[in-house]
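Novice: So I've got this file, coords.cif, and it contains mmCIF, C-alpha atoms and all ligand atoms:
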```
data_query
#
loop_
_atom_site.label_atom_id
_atom_site.label_comp_id
_atom_site.auth_asym_id
_atom_site.auth_seq_id
_atom_site.Cartn_x
_atom_site.Cartn_y
_atom_site.Cartn_z
CA MET R 1 63.63 10.19 58.80
CA THR R 2 65.87 11.54 56.02
CA ALA R 3 64.29 13.28 53.06
CA PRO R 4 64.38 11.21 49.87
CA VAL R 5 66.80 12.18 47.13
CA VAL R 6 65.08 12.88 43.84
CA GLY R 7 67.09 12.67 40.63
CA ASN R 8 66.85 15.42 38.04
CA THR R 9 67.32 15.43 34.28
CA SER R 10 70.75 17.07 34.43
CA GLY R 11 72.18 14.05 36.20
CA GLY R 12 72.61 15.75 39.62
CA SER R 13 70.28 15.34 42.53
CA PHE R 14 67.81 17.48 44.44
CA THR R 15 67.00 17.02 48.10
CA PRO R 16 63.57 18.45 49.00
CA PRO R 17 63.69 20.68 52.10
CA ALA R 18 62.38 19.23 55.33
CA PRO R 19 58.73 20.09 56.01
CA GLY R 20 58.49 23.63 57.49
CA ALA R 21 62.08 24.56 56.55
CA GLU R 22 62.64 28.12 55.24
CA MET R 23 62.85 28.12 51.46
CA PRO R 24 66.11 29.71 50.22
CA GLN R 25 65.62 33.21 48.68
CA ARG R 26 67.00 32.15 45.26
CA ARG R 27 64.53 29.29 44.97
CA LYS R 28 61.68 31.61 45.92
CA LEU R 29 62.73 33.94 43.11
CA LEU R 30 63.06 31.09 40.67
CA LEU R 31 59.63 29.78 41.56
CA ALA R 32 58.11 33.27 41.21
CA ALA R 33 59.73 33.68 37.80
CA THR R 34 58.53 30.25 36.70
CA SER R 35 54.99 30.98 37.87
CA ALA R 36 54.96 34.29 36.01
CA VAL R 37 56.19 32.65 32.82
CA GLY R 38 53.70 29.85 33.30
CA ALA R 39 50.83 32.29 33.65
CA ALA R 40 51.94 34.35 30.66
CA GLY R 41 52.45 31.17 28.64
CA ALA R 42 49.03 29.92 29.55
CA ALA R 43 47.51 33.27 28.63
CA ALA R 44 49.37 33.34 25.31
CA ALA R 45 48.38 29.76 24.57
CA GLY R 46 44.82 30.42 25.70
CA ALA R 47 43.42 31.41 22.34
CA PRO R 48 44.63 28.40 20.33
CA PHE R 49 43.85 26.19 23.31
CA LEU R 50 40.28 27.41 23.41
CA ALA R 51 40.00 27.06 19.66
CA SER R 52 41.20 23.47 19.87
CA TRP R 53 38.31 22.61 22.19
CA PHE R 54 35.91 23.17 19.31
CA PRO R 55 35.95 20.75 16.36
CA SER R 56 37.21 22.17 13.08
CA GLU R 57 34.87 22.45 10.09
CA ARG R 58 36.67 19.48 8.57
CA ALA R 59 36.22 17.39 11.72
CA LYS R 60 32.57 18.38 11.87
CA ALA R 61 32.10 17.38 8.24
CA ALA R 62 33.85 14.05 8.87
CA GLY R 63 31.43 13.20 11.69
CA ALA R 64 28.35 14.63 10.02
CA PRO R 65 25.42 12.47 8.92
CA VAL R 66 25.30 11.44 5.28
CA ASP R 67 22.19 11.58 3.12
CA VAL R 68 21.75 8.84 0.55
CA ASP R 69 19.18 8.58 -2.22
CA VAL R 70 18.08 4.96 -2.18
CA GLY R 71 15.28 5.31 -4.71
CA ALA R 72 17.40 4.10 -7.61
CA ILE R 73 18.64 0.90 -5.97
CA GLU R 74 17.29 -2.01 -7.96
CA PRO R 75 15.89 -5.00 -6.06
CA GLY R 76 18.76 -7.29 -5.15
CA MET R 77 21.40 -4.57 -5.54
CA LEU R 78 23.76 -2.90 -3.09
CA LEU R 79 24.68 0.78 -2.86
CA ARG R 80 27.92 1.86 -1.19
CA ALA R 81 28.20 5.04 0.83
CA GLU R 82 30.65 6.35 3.38
CA TRP R 83 30.03 7.73 6.83
CA ARG R 84 32.77 8.80 9.23
CA GLY R 85 35.31 7.22 6.91
CA GLN R 86 33.58 3.85 7.16
CA PRO R 87 31.89 1.93 4.35
CA VAL R 88 28.12 1.78 4.59
CA TRP R 89 26.06 -0.62 2.52
CA VAL R 90 22.43 -0.22 1.60
CA VAL R 91 20.86 -3.34 0.09
CA ARG R 92 17.39 -3.49 -1.39
CA ARG R 93 16.41 -7.06 -0.58
CA THR R 94 14.01 -8.97 -2.76
CA PRO R 95 11.16 -11.03 -1.27
CA GLU R 96 13.26 -14.12 -2.06
CA MET R 97 16.21 -12.71 -0.11
CA LEU R 98 13.98 -11.84 2.83
CA ALA R 99 12.57 -15.35 2.80
CA THR R 100 16.04 -16.77 3.52
CA LEU R 101 16.36 -14.89 6.82
CA ASP R 102 14.17 -17.23 8.77
CA ALA R 103 15.57 -20.39 7.23
CA VAL R 104 19.19 -19.68 8.27
CA LYS R 105 18.38 -18.79 11.88
CA PRO R 106 19.44 -22.15 13.41
CA LYS R 107 22.92 -21.67 11.94
CA LEU R 108 23.53 -18.18 13.30
CA ALA R 109 25.39 -17.02 16.41
CA ASP R 110 22.90 -14.29 17.33
CA PRO R 111 19.83 -14.88 15.17
CA ASP R 112 17.56 -12.57 17.15
CA SER R 113 20.04 -9.68 17.30
CA LYS R 114 20.19 -9.76 21.09
CA LEU R 115 23.63 -8.16 21.22
CA PRO R 116 23.58 -4.38 20.80
CA GLN R 117 24.96 -4.36 17.26
CA GLN R 118 22.07 -2.29 15.99
CA PRO R 119 19.76 0.51 17.18
CA GLU R 120 16.61 -0.68 18.93
CA TYR R 121 14.45 -0.04 15.88
CA ALA R 122 16.57 -2.51 13.91
CA ALA R 123 16.58 -5.27 16.53
CA ASN R 124 13.95 -7.19 14.58
CA ALA R 125 13.72 -10.10 12.15
CA THR R 126 15.11 -8.10 9.22
CA ARG R 127 17.47 -5.81 11.20
CA SER R 128 16.03 -2.80 9.45
CA ILE R 129 13.34 -0.12 9.55
CA LYS R 130 11.82 -1.13 6.21
CA PRO R 131 12.11 -4.87 5.73
CA GLU R 132 13.44 -4.65 2.19
CA MET R 133 16.10 -2.02 2.90
CA LEU R 134 19.17 -3.24 4.81
CA VAL R 135 21.69 -0.68 6.10
CA LEU R 136 25.00 -1.98 7.46
CA LEU R 137 28.51 -0.84 8.26
CA GLY R 138 30.73 -2.80 5.88
CA ILE R 139 33.29 -3.68 8.53
CA CYS R 140 33.90 -7.19 9.80
CA THR R 141 33.42 -7.52 13.55
CA HIS R 142 36.48 -9.80 13.81
CA LEU R 143 39.45 -7.59 12.94
CA GLY R 144 37.92 -4.89 10.81
CA CYS R 145 38.37 -6.08 7.20
CA SER R 146 35.66 -5.14 4.76
CA PRO R 147 33.65 -8.21 3.71
CA THR R 148 32.59 -8.73 0.12
CA ASP R 149 28.97 -9.05 -0.84
CA ARG R 150 27.68 -12.30 -2.27
CA LEU R 151 24.05 -11.39 -2.65
CA ALA R 152 23.08 -14.20 -5.01
CA PRO R 153 22.64 -17.73 -3.69
CA ALA R 154 25.54 -20.08 -4.51
CA GLU R 155 26.92 -23.44 -3.46
CA GLY R 156 24.29 -24.19 -0.85
CA TRP R 157 24.55 -20.71 0.65
CA ALA R 158 21.58 -18.35 0.39
CA GLY R 159 23.91 -15.39 0.01
CA GLY R 160 25.12 -12.61 2.25
CA PHE R 161 28.59 -11.29 3.02
CA TYR R 162 31.94 -13.04 3.15
CA CYS R 163 35.04 -11.70 4.88
CA PRO R 164 38.11 -12.80 2.92
CA CYS R 165 40.54 -12.10 5.79
CA HIS R 166 39.64 -15.06 7.99
CA GLY R 167 36.54 -16.49 6.37
CA SER R 168 33.65 -15.13 8.43
CA VAL R 169 30.26 -15.53 6.74
CA PHE R 170 27.22 -13.31 7.35
CA ASP R 171 23.66 -13.71 6.12
CA LEU R 172 21.53 -11.21 4.18
CA ALA R 173 20.83 -9.30 7.40
CA GLY R 174 24.50 -9.10 8.39
CA ARG R 175 24.09 -11.82 11.04
CA VAL R 176 27.19 -13.94 11.55
CA PHE R 177 27.05 -17.71 11.23
CA ALA R 178 28.00 -19.67 14.37
CA GLY R 179 31.62 -20.78 14.71
CA MET R 180 33.09 -17.96 12.66
CA PRO R 181 36.06 -15.83 13.72
CA ALA R 182 33.76 -12.77 13.82
CA PRO R 183 32.12 -12.78 17.26
CA THR R 184 29.09 -10.65 16.47
CA ASN R 185 26.74 -9.53 13.75
CA LEU R 186 27.70 -6.65 11.48
CA VAL R 187 26.80 -3.25 12.88
CA VAL R 188 23.67 -1.42 11.79
CA PRO R 189 24.47 2.31 12.05
CA PRO R 190 21.90 4.83 13.29
CA TYR R 191 19.73 6.03 10.40
CA LYS R 192 16.31 7.36 9.55
CA TYR R 193 14.18 8.10 6.51
CA LEU R 194 13.83 11.74 5.48
CA ASN R 195 11.22 10.68 2.95
CA ASP R 196 10.37 7.55 0.95
CA THR R 197 13.66 7.44 -0.91
CA ARG R 198 16.09 9.50 1.14
CA LEU R 199 18.05 8.01 4.01
CA ARG R 200 20.06 9.89 6.58
CA ILE R 201 22.89 7.77 7.94
CA GLY R 202 24.44 8.75 11.25
CA ASP R 203 21.40 10.50 12.66
CA ASP R 204 18.25 8.91 13.99
CA SER R 205 16.96 11.85 15.99
CA LYS R 206 13.28 12.58 15.66
CA GLY R 207 11.77 15.70 14.17
CA ALA R 208 14.67 16.83 11.92
S1 LIG R 301 38.57 -9.68 9.81
FE1 LIG R 301 36.84 -10.66 8.99
S2 LIG R 301 37.12 -12.70 9.50
FE2 LIG R 301 38.83 -11.72 10.38
#
```
How does the structure come out when it is put into structure tokens?
Ligand code: FES
Specialist:
Amino acid sequence: MTAPVVGNTSGGSFTPPAPGAEMPQRRKLLLAATSAVGAAGAAAAGAPFLASWFPSERAKAAGAPVDVDVGAIEPGMLLRAEWRGQPVWVVRRTPEMLATLDAVKPKLADPDSKLPQQPEYAANATRSIKPEMLVLLGICTHLGCSPTDRLAPAEGWAGGFYCPCHGSVFDLAGRVFAGMPAPTNLVVPPYKYLNDTRLRIGDDSKGA
């Protein structure tokens, strides 16, 4: 069987030697020189290479949890924060707002939050740790637009979030109505309470 001809970038061709054939002296030298340069290059590049394996301070800050003081949010109001470059909403729901959550269930795509769009501790009727305090990523699950909040009831709708890009509608727990372009509920990010009024978004580890 003839050895295949392999093209090279200079436009010529290179025929690999037959298995077991003696390698020409010049090629041996060339290979040795290339290996030496490769080793030296790798050694020289080692330091920046190693450094690049560790995230920079800026990258660490960008992925770090964010603490938010929620004590000043009035009932029925929304506070905007940012975590990992993404909008985060914190809504203090009134008893009236909470009362709508059960009533809209038959119209929702995933009323019981069965899909993993939230941490386990928020897979409940209010999609939150404290019923009144809703925490959501403000990013539509269709194509990533940021919905607008419509927290007050209007035109036969109890209120919630509306995505202007393609018209998806979400309730006051971020659950999407059935038949919308958005396939799933809005995401609840990981979070925990540091105390009664301080939330840490992006970290739900225990004992910190
Ligand atoms: S991006 Fe929100 S409906 Fe399309």
Novice: Closest to Val70 of chain R among R:Val88, R:Met133, R:Cys145, R:Met97, using all atoms listed in the file?
Specialist: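 Closest to Val70 of chain R of all the choices is R:Met133.
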Novice: Can you tell me which residues sit at most 7 Å away from ligand LIG 301 (chain R), counting only C-alpha atoms and all ligand atoms, written as a PyMOL selection string?
Specialist: chain R and resi 140-145+147+163-168+181-182
Novice: Please produce a file of the residues just selected, as an mmCIF file, keeping the file's coordinate frame, where the atoms kept are C-alpha atoms.
Specialist:
```cif
data_model
loop_
_atom_site.group_PDB
_atom_site.id
_atom_site.type_symbol
_atom_site.label_atom_id
_atom_site.label_comp_id
_atom_site.auth_asym_id
_atom_site.auth_seq_id
_atom_site.Cartn_x
_atom_site.Cartn_y
_atom_site.Cartn_z
ATOM 1 C CA CYS R 140 33.900 -7.190 9.800
ATOM 2 C CA THR R 141 33.420 -7.520 13.550
ATOM 3 C CA HIS R 142 36.480 -9.800 13.810
ATOM 4 C CA LEU R 143 39.450 -7.590 12.940
ATOM 5 C CA GLY R 144 37.920 -4.890 10.810
ATOM 6 C CA CYS R 145 38.370 -6.080 7.200
ATOM 7 C CA PRO R 147 33.650 -8.210 3.710
ATOM 8 C CA CYS R 163 35.040 -11.700 4.880
ATOM 9 C CA PRO R 164 38.110 -12.800 2.920
ATOM 10 C CA CYS R 165 40.540 -12.100 5.790
ATOM 11 C CA HIS R 166 39.640 -15.060 7.990
ATOM 12 C CA GLY R 167 36.540 -16.490 6.370
ATOM 13 C CA SER R 168 33.650 -15.130 8.430
ATOM 14 C CA PRO R 181 36.060 -15.830 13.720
ATOM 15 C CA ALA R 182 33.760 -12.770 13.820
#
```
Novice: Hey, can you check how far atom CA of Asp171 of chain R sits from atom CA of Glu155 of chain R?
Specialist: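 Separation of atom CA of Asp171 of chain R and atom CA of Glu155 of chain R: 14.0 Å.
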Novice: Can you tell me, as a list in words, what residues are no more than 9 Å from Ala173 of chain R when counting only C-alpha atoms, ignoring any on the same chain fewer than 2 positions away?
Specialist: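 Residues meeting the cut-off are Leu98, Leu101, Ala125, Thr126, Arg127, Ser128, Leu134, Val135, Leu136, Gly160, Phe170, Asp171, Arg175, Val176, Asn185 and Leu186 of chain R.
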Novice: In terms of the shortest atom-to-atom distance over only C-alpha atoms, which of R:Ala103, R:Ala72, R:Val188, R:Ala81 is closest to Asp204 of chain R?
Specialist: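 Smallest separation from Asp204 of chain R among the options: R:Val188.
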Novice: Of the candidates R:Ala123, R:Val91, R:Leu79, R:Ala62, which shows the shortest atom-to-atom distance to Pro190 of chain R, using all atoms listed in the file?
Specialist: R:Ala123
Novice: Compare R:Gly76, R:Asp110, R:Ala99, R:Ala61 by their minimum atom-to-atom distance to Gly179 of chain R, counting all atoms listed in the file, and give me the closest one.
Specialist: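 Going through R:Gly76, R:Asp110, R:Ala99, R:Ala61 one by one, the smallest distance to Gly179 of chain R is for R:Asp110.
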Novice: Which residues are near segment 198-202 of chain R? Cut-off 7 Å, all atoms listed in the file, ignore same chain within fewer than 6 positions. Put them as a tab-separated table (two decimals) with C-alpha atoms, in the frame of the given file.
Specialist:
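What follows is the written file around-v3.tsv:
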```
chain	number	residue	atom	x	y	z
R	65	PRO	CA	25.42	12.47	8.92
R	66	VAL	CA	25.30	11.44	5.28
R	67	ASP	CA	22.19	11.58	3.12
R	68	VAL	CA	21.75	8.84	0.55
R	69	ASP	CA	19.18	8.58	-2.22
R	70	VAL	CA	18.08	4.96	-2.18
R	189	PRO	CA	24.47	2.31	12.05
R	190	PRO	CA	21.90	4.83	13.29
R	191	TYR	CA	19.73	6.03	10.40
R	192	LYS	CA	16.31	7.36	9.55
```
Novice: Could you tell me how far atom CA of Asn195 of chain R lies from atom CA of Pro87 of chain R, in Å and to one decimal?
Specialist: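 About the pair atom CA of Asn195 of chain R and atom CA of Pro87 of chain R: they are 22.5 Å apart.
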Novice: Using atom CA of Pro119 of chain R and atom CA of Glu74 of chain R as the two end points, give the distance in Å to one decimal.
Specialist: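 A separation of 25.4 Å between them.
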Novice: For Ala122 of chain R, which residue out of R:Phe161, R:Gln86, R:Leu108, R:Val187 is the nearest one, using only C-alpha atoms?
Specialist: R:Val187
Novice: Env of Thr100 of chain R: 12 Å cut, atoms = only C-alpha atoms, seq-sep filter 4 positions within chain, self excluded. Answer as a count of residues only.
Specialist: 21
